[in-house]
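Report on the following structure.
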Amino acid sequence: MTATLFINGQWVPAASGETRTITCPADGSEVGVVSEAGADDAVAAIAAARRAFDSRVWADVPAGERGDFLLKVADQLSQRKDEFARAEALDTGKRLVEAEIDMDDIIACFRHFAKLADADAGRIVDAGDPTVISKVVYEPVGVCGMITPWNFPLLQAAWKLAPALAAGNSLVLKPAELTPHTSILVMDVFDSLELPAGVANLVTGAGATAGAPLSSHPDVDLISFTGGLMTGKKIAAAASETVKKIALELGGKNPNVVFADADFDAAVDNALNAGFTDSGQVCSAGVRLIVEDSIKERFVNELVRRAESITMGGPFDAHAETGPLISAEHRQKVHAYVQKGIEEGCTLRCGGHFGGEEHTAGSFYAPTVLDGAKRGMYVVTEESFGPVITVETFTTEEEAIAIANDTVYGLAGAVWTSDSGIAHRVSSRLRHGTVWVNDYHPYLPQAEWGGFKQSGIGRELGLAGFDEYREAKHIYENTKPSVTGWFRMPSDIPAAELPQT
Ligand code: NAD
C-alpha cells in the first residue's frame, strides 16, 4: 500500500486510495508511486497541526532545544546526503552534482535557523514609569501552510520548514506534485528524531485539491507559498478571506546588465550561468541580458558560441552540463514562448529546438538566445522558466537602469562593470530584492531573499525570514495598580445621579 502522507505522526494513504506515479524528466523512467492527497487529506493534516499547536507540545519546548533539534536535522541530512540528492535528481532530472549543491544549501539553512532559534527572545521597552514592566516577546504564529514548487523542491521547503520549526509553529507542507520524494524523506528525518506527532505534516498531491485548503482553511494562520505569479494571486485571494499572514516568493524577469568595461570572459561565462543553469528553471535566472551597445555583437557572438556547445544529459551523465525541463508539457510551453519571440521580431541566434536524437525520451530543450529584444515584448515581460536568454542593448547608464527596472517583477538582477561608481549607482537603483555585482546566483542563508513588486511579499532566509514565522506581542504589566481617575468615582457623583440599586 502506498502511504506517503504524513499526518499526526503516521504514514497514511490518501483517503481516496489514489496514487500518482512520478517519472524522471530525463528519460521518462518511473521513480516511484506516491499517495495522491485530496482536500479531505489536507483538512485532516490541518486538524493534526492545529491540535499539536494548541497543545503547545512544540511551542513550549525551550527555544534552544528547538535549535538543537534543527542541528540534529542538519546532521541527519549530511549523513543521508547521497540518498536525498539522488531522490532530488531523479524527481527533477537535474544533474546529481546540482542536487548535491542543493543539499549543502539545505543543510546550511537548517544550521542558520538553529542559531536564530533562541538568539532573540524579545526586549524590554522603557515605559517611562518604574512601576511598569513593558516587554515585547515573540511567539509562534500557529499553524503554517507551505506550498512549494518543483525546481528546488527540498531547498524551497527548507527555507520554510527550518524557521517555522525554530519559532515553535506546527505546519502542513504540500510539495509540487511532480517532485514529492525529498519532502517525504525530510518528514522521515523529523519522525526519526521524534518530533512530536502533528507538528510537521505532509500531503503529496495536486495544487487545486491538496494545496487549496491550506490557503483557505480558517485553522491555518499563515500561508507561505513559492511558485508562479498566477498561483500566488489565487492563494493570496483565498487567504485574505481569513486574513492569514501571507508570504509569497513568486517569479522574476531578472536583468543581467553588462557594461562595456566589464571583465569580458567572466561576464560571458556568468551570463551563461545566469540564464542556463538548471535549464533556466530558476526564479532568479538572469534571462534578460542587457548589454552596452558598443560590445554587444562581440558579446552575443561569444555567448552563442558557448551556448551551442553546452552538453545536455540526465542526472548521472558525467558529461552533462545541464539537464531537462521538468516535463514535456513545460517544454511545449517554452517552445511556444520562443516562437512568440520570433514572431515579435527577435532573431533566433541559437537553440529554439528540443534536445538532440540521444535525448528523445527526456524533455530537453536547447539553450536559446533571442537577439534584438525590445522593452514591452512578450518575451521580455513574461517568464519562460526555460533556457531562454533575450538580448537588449543600452547606451547610457540611465537607460540601462530604466530597462532593468522595466518589469512587474523585482526578484534579482546583476550589474557587470569594472567601475566602482557604476557598480554602486546601478546596484542602488535596481528595484530587485537581490543584486549581484560582477557575479550571478550566489546567495547566503544569513541574507534575506525575496522580491520587490510582484515577485512577492515578505522575505525568506536572513533575519526577516525568521520573523515571518513569529508574532510580536507587547506585554504591559502594571506592578502598582491604581485608580485611573478617568471616570468619576461614586464618591464624587451627587447621590441623585447615582443609579438606585
Ligand atoms: P506553480 O505556481 O504552478 O506551483 C507551485 C505550487 O503551487 C505547487 O506545489 C502546486 O501544486 C501548487 N498550486 C498550484 N495551484 C494551486 C492552488 N490553486 N492552490 C494551492 N496550491 C496550488 O509553480 P511551479 O510551476 O511549480 O514553479 C514555477 C514558478 O515558481 C515560477 O514562476 C518561478 O519563478 C517560481 N519560483 C519562485 C521562487 C522564489 O524564490 N521567488 C523559487 C522557485 C520558483
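All residue names refer to the C-alpha cells as shown: chains lettered A, B, ... in order, residues numbered from 1 in each chain, ligands numbered from 1 in order.
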Give me, as a PyMOL selection string, the set of residues whose atoms come within 8 Å of any atom of ligand 1, counting only C-alpha atoms and all ligand atoms.
chain A and resi 147-152+156+174-177+205-215+225-232+234-235+248-252+281-284+383+385+411+449-451+455-456
I'd like the neighbourhood of Arg425 of chain A as a PyMOL selection string, where a residue qualifies if any of its atoms comes within 12 Å (using only C-alpha atoms), though same-chain residues fewer than 3 positions away should be ignored.
chain A and resi 397-398+400-401+415+417+419-422+428-430+435+437
Atoms to include: C-alpha atoms. Write the selected residues as a PDB file, in the first residue's frame.
```
ATOM      1  CA  GLU A 397      23.758  54.227 -17.521  1.00  0.00           C
ATOM      2  CA  GLU A 398      20.340  55.827 -17.047  1.00  0.00           C
ATOM      3  CA  ALA A 400      20.422  50.584 -18.511  1.00  0.00           C
ATOM      4  CA  ILE A 401      18.727  51.217 -15.147  1.00  0.00           C
ATOM      5  CA  VAL A 415      25.476  44.501 -12.947  1.00  0.00           C
ATOM      6  CA  THR A 417      31.414  46.647 -14.611  1.00  0.00           C
ATOM      7  CA  ASP A 419      33.920  50.947 -12.446  1.00  0.00           C
ATOM      8  CA  SER A 420      33.026  51.041  -8.754  1.00  0.00           C
ATOM      9  CA  GLY A 421      30.971  54.193  -9.269  1.00  0.00           C
ATOM     10  CA  ILE A 422      28.769  52.492 -11.854  1.00  0.00           C
ATOM     11  CA  SER A 428      21.491  51.054  -5.528  1.00  0.00           C
ATOM     12  CA  ARG A 429      18.873  51.854  -8.114  1.00  0.00           C
ATOM     13  CA  LEU A 430      17.857  48.381  -9.272  1.00  0.00           C
ATOM     14  CA  VAL A 435      21.550  42.453  -6.732  1.00  0.00           C
ATOM     15  CA  VAL A 437      27.831  42.962  -8.746  1.00  0.00           C
TER      16      VAL A 437
END
```
List the spatial neighbours of Gly93 of chain A as a list in words - criterion: any atom at most 8 Å away, only C-alpha atoms, same-chain residues fewer than 5 positions off excluded.
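Using only C-alpha atoms, the neighbours found are Cys24, Pro25, Ala26, Glu88, Gly314, Pro315, Gly323, Pro324, Leu325 and Ile326 of chain A.
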Taking N, CA and C atoms for each residue, export the selection above as a tab-separated table (two decimals), in the first residue's frame.
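Contents of the output file result.tsv:
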```tsv
chain	number	residue	atom	x	y	z
A	24	CYS	N	11.00	10.36	-14.07
A	24	CYS	CA	12.18	11.23	-14.20
A	24	CYS	C	12.09	11.97	-15.54
A	25	PRO	N	12.17	13.30	-15.52
A	25	PRO	CA	12.04	14.05	-16.79
A	25	PRO	C	13.20	13.82	-17.76
A	26	ALA	N	14.29	13.21	-17.27
A	26	ALA	CA	15.43	13.00	-18.16
A	26	ALA	C	15.20	11.83	-19.13
A	88	GLU	N	16.30	13.79	-5.29
A	88	GLU	CA	16.00	15.10	-5.90
A	88	GLU	C	16.35	15.07	-7.38
A	314	GLY	N	21.21	13.46	-18.59
A	314	GLY	CA	20.45	13.11	-17.38
A	314	GLY	C	21.27	13.26	-16.11
A	315	PRO	N	20.63	12.98	-14.97
A	315	PRO	CA	21.25	13.24	-13.67
A	315	PRO	C	22.61	12.57	-13.47
A	323	GLY	N	20.49	19.78	-17.49
A	323	GLY	CA	19.51	18.70	-17.54
A	323	GLY	C	18.28	19.08	-18.35
A	324	PRO	N	17.21	18.29	-18.22
A	324	PRO	CA	15.99	18.52	-18.99
A	324	PRO	C	15.08	19.55	-18.31
A	325	LEU	N	14.02	19.92	-19.01
A	325	LEU	CA	12.94	20.68	-18.36
A	325	LEU	C	12.10	19.69	-17.57
A	326	ILE	N	11.25	20.22	-16.70
A	326	ILE	CA	10.57	19.35	-15.73
A	326	ILE	C	9.59	18.38	-16.39
```
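Compared by their closest atoms to Val57 of chain A, and using only C-alpha atoms, the residues A:Gly198, A:Gly38, A:Pro163, A:Pro180 rank with A:Gly198 nearest.
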Identify, on the basis of only C-alpha atoms, every residue whose closest approach to Lys480 of chain A does not exceed 10 Å; exclude the query and any residue fewer than 6 positions from it along the same chain; express the result as an NGL selection string.
:A and (130-132)
Taking the backbone alone, and naming residues the way the document does, which bits of segment 146-370 of chain A are strand (DSSP E or B) by DSSP, as a PyMOL selection string?
chain A and resi 146-147+170-174+200-202+222-226+245-249+255-258+288-292+312+322+347-350+354+365+368-370
Hey, what does DSSP flag as helix (DSSP H, G or I) within segment 272-432 of chain A? Can you give it to me as a PyMOL selection string?
chain A and resi 272-280+293-308+328-343+357-359+378-381+397-405+420-429
Quick one: everything within 12 Å of Tyr337 of chain A, counting only C-alpha atoms, minus sequence neighbours fewer than 5 positions away in the same chain. Send it as a list in words.
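Everything that qualifies: His330, Arg331, Gln332, Ile342, Glu343, Glu344, Cys346, Gly352, His353, Thr368, Leu370, Met377, Tyr378, Val379, Val380, Thr381, Glu382, Glu383, Ser384, Phe385, Gly386, Pro387, Val388, Ile389 and Thr390 of chain A.
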Let's have the selection written as a short mmCIF file (atom, residue, chain, number, x, y, z; two decimals), in the first residue's frame, with N, CA and C atoms.
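The resulting file, selection_39.cif, is reproduced below:
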```
data_model
loop_
_atom_site.label_atom_id
_atom_site.label_comp_id
_atom_site.auth_asym_id
_atom_site.auth_seq_id
_atom_site.Cartn_x
_atom_site.Cartn_y
_atom_site.Cartn_z
N HIS A 330 5.79 21.32 -20.06
CA HIS A 330 6.52 22.56 -19.81
C HIS A 330 7.40 22.89 -21.02
N ARG A 331 8.04 21.87 -21.59
CA ARG A 331 8.88 22.11 -22.77
C ARG A 331 8.05 22.68 -23.91
N GLN A 332 6.86 22.19 -24.07
CA GLN A 332 5.99 22.69 -25.13
C GLN A 332 5.69 24.18 -24.92
N ILE A 342 10.10 35.03 -31.77
CA ILE A 342 10.50 35.17 -33.18
C ILE A 342 9.42 35.97 -33.93
N GLU A 343 8.15 35.64 -33.65
CA GLU A 343 7.04 36.38 -34.29
C GLU A 343 7.09 37.86 -33.93
N GLU A 344 7.54 38.16 -32.71
CA GLU A 344 7.61 39.56 -32.27
C GLU A 344 8.76 40.32 -32.91
N CYS A 346 12.25 39.05 -32.78
CA CYS A 346 13.57 38.67 -32.28
C CYS A 346 14.27 37.77 -33.30
N GLY A 352 16.20 27.03 -29.65
CA GLY A 352 14.88 27.10 -30.26
C GLY A 352 14.37 25.73 -30.70
N HIS A 353 15.01 24.67 -30.18
CA HIS A 353 14.55 23.32 -30.56
C HIS A 353 14.73 22.36 -29.39
N THR A 368 18.87 28.66 -25.58
CA THR A 368 18.34 29.51 -26.65
C THR A 368 18.68 30.98 -26.39
N LEU A 370 17.69 34.77 -27.89
CA LEU A 370 16.86 35.59 -28.77
C LEU A 370 17.43 37.01 -28.79
N MET A 377 8.06 43.69 -25.24
CA MET A 377 7.77 42.41 -25.94
C MET A 377 7.34 41.36 -24.92
N TYR A 378 6.55 40.41 -25.38
CA TYR A 378 6.10 39.31 -24.51
C TYR A 378 7.29 38.59 -23.89
N VAL A 379 8.32 38.32 -24.72
CA VAL A 379 9.47 37.55 -24.22
C VAL A 379 10.35 38.36 -23.26
N VAL A 380 10.09 39.64 -23.18
CA VAL A 380 10.87 40.47 -22.26
C VAL A 380 10.08 40.72 -20.97
N THR A 381 8.78 40.55 -21.04
CA THR A 381 7.96 40.82 -19.84
C THR A 381 7.53 39.55 -19.12
N GLU A 382 7.31 38.45 -19.85
CA GLU A 382 6.80 37.22 -19.24
C GLU A 382 7.93 36.23 -18.97
N GLU A 383 7.78 35.45 -17.89
CA GLU A 383 8.75 34.39 -17.58
C GLU A 383 8.59 33.24 -18.57
N SER A 384 9.70 32.63 -18.97
CA SER A 384 9.57 31.37 -19.74
C SER A 384 9.82 30.19 -18.82
N PHE A 385 10.66 30.40 -17.81
CA PHE A 385 11.09 29.34 -16.91
C PHE A 385 11.74 28.21 -17.71
N GLY A 386 12.49 28.62 -18.71
CA GLY A 386 13.25 27.69 -19.54
C GLY A 386 14.57 28.34 -19.92
N PRO A 387 15.40 27.64 -20.72
CA PRO A 387 16.74 28.15 -21.04
C PRO A 387 16.71 29.15 -22.19
N VAL A 388 16.10 30.30 -21.94
CA VAL A 388 15.91 31.30 -23.00
C VAL A 388 16.41 32.65 -22.51
N ILE A 389 17.47 33.16 -23.16
CA ILE A 389 18.01 34.48 -22.84
C ILE A 389 17.60 35.43 -23.95
N THR A 390 17.04 36.57 -23.57
CA THR A 390 16.77 37.62 -24.56
C THR A 390 17.87 38.68 -24.44
#
```
Close residues, Met103 of chain A itself excluded, 8 Å, only C-alpha atoms, min 2 positions apart in chain, as a list in words
Leu77, Lys81, Phe84, Ala85, Ala99, Glu100, Ile101, Asp105, Ile106, Ile107 and Leu155 of chain A
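Coordinates place atom CA of Thr395 of chain A at a distance of 10.5 Å from atom CA of Lys296 of chain A.
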For Ala49 of chain A, which residue among A:Asn201, A:Thr393, A:Thr242, A:Ser491 is the nearest when counting only C-alpha atoms?
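Selected residue with least distance to Ala49 of chain A: A:Asn201.
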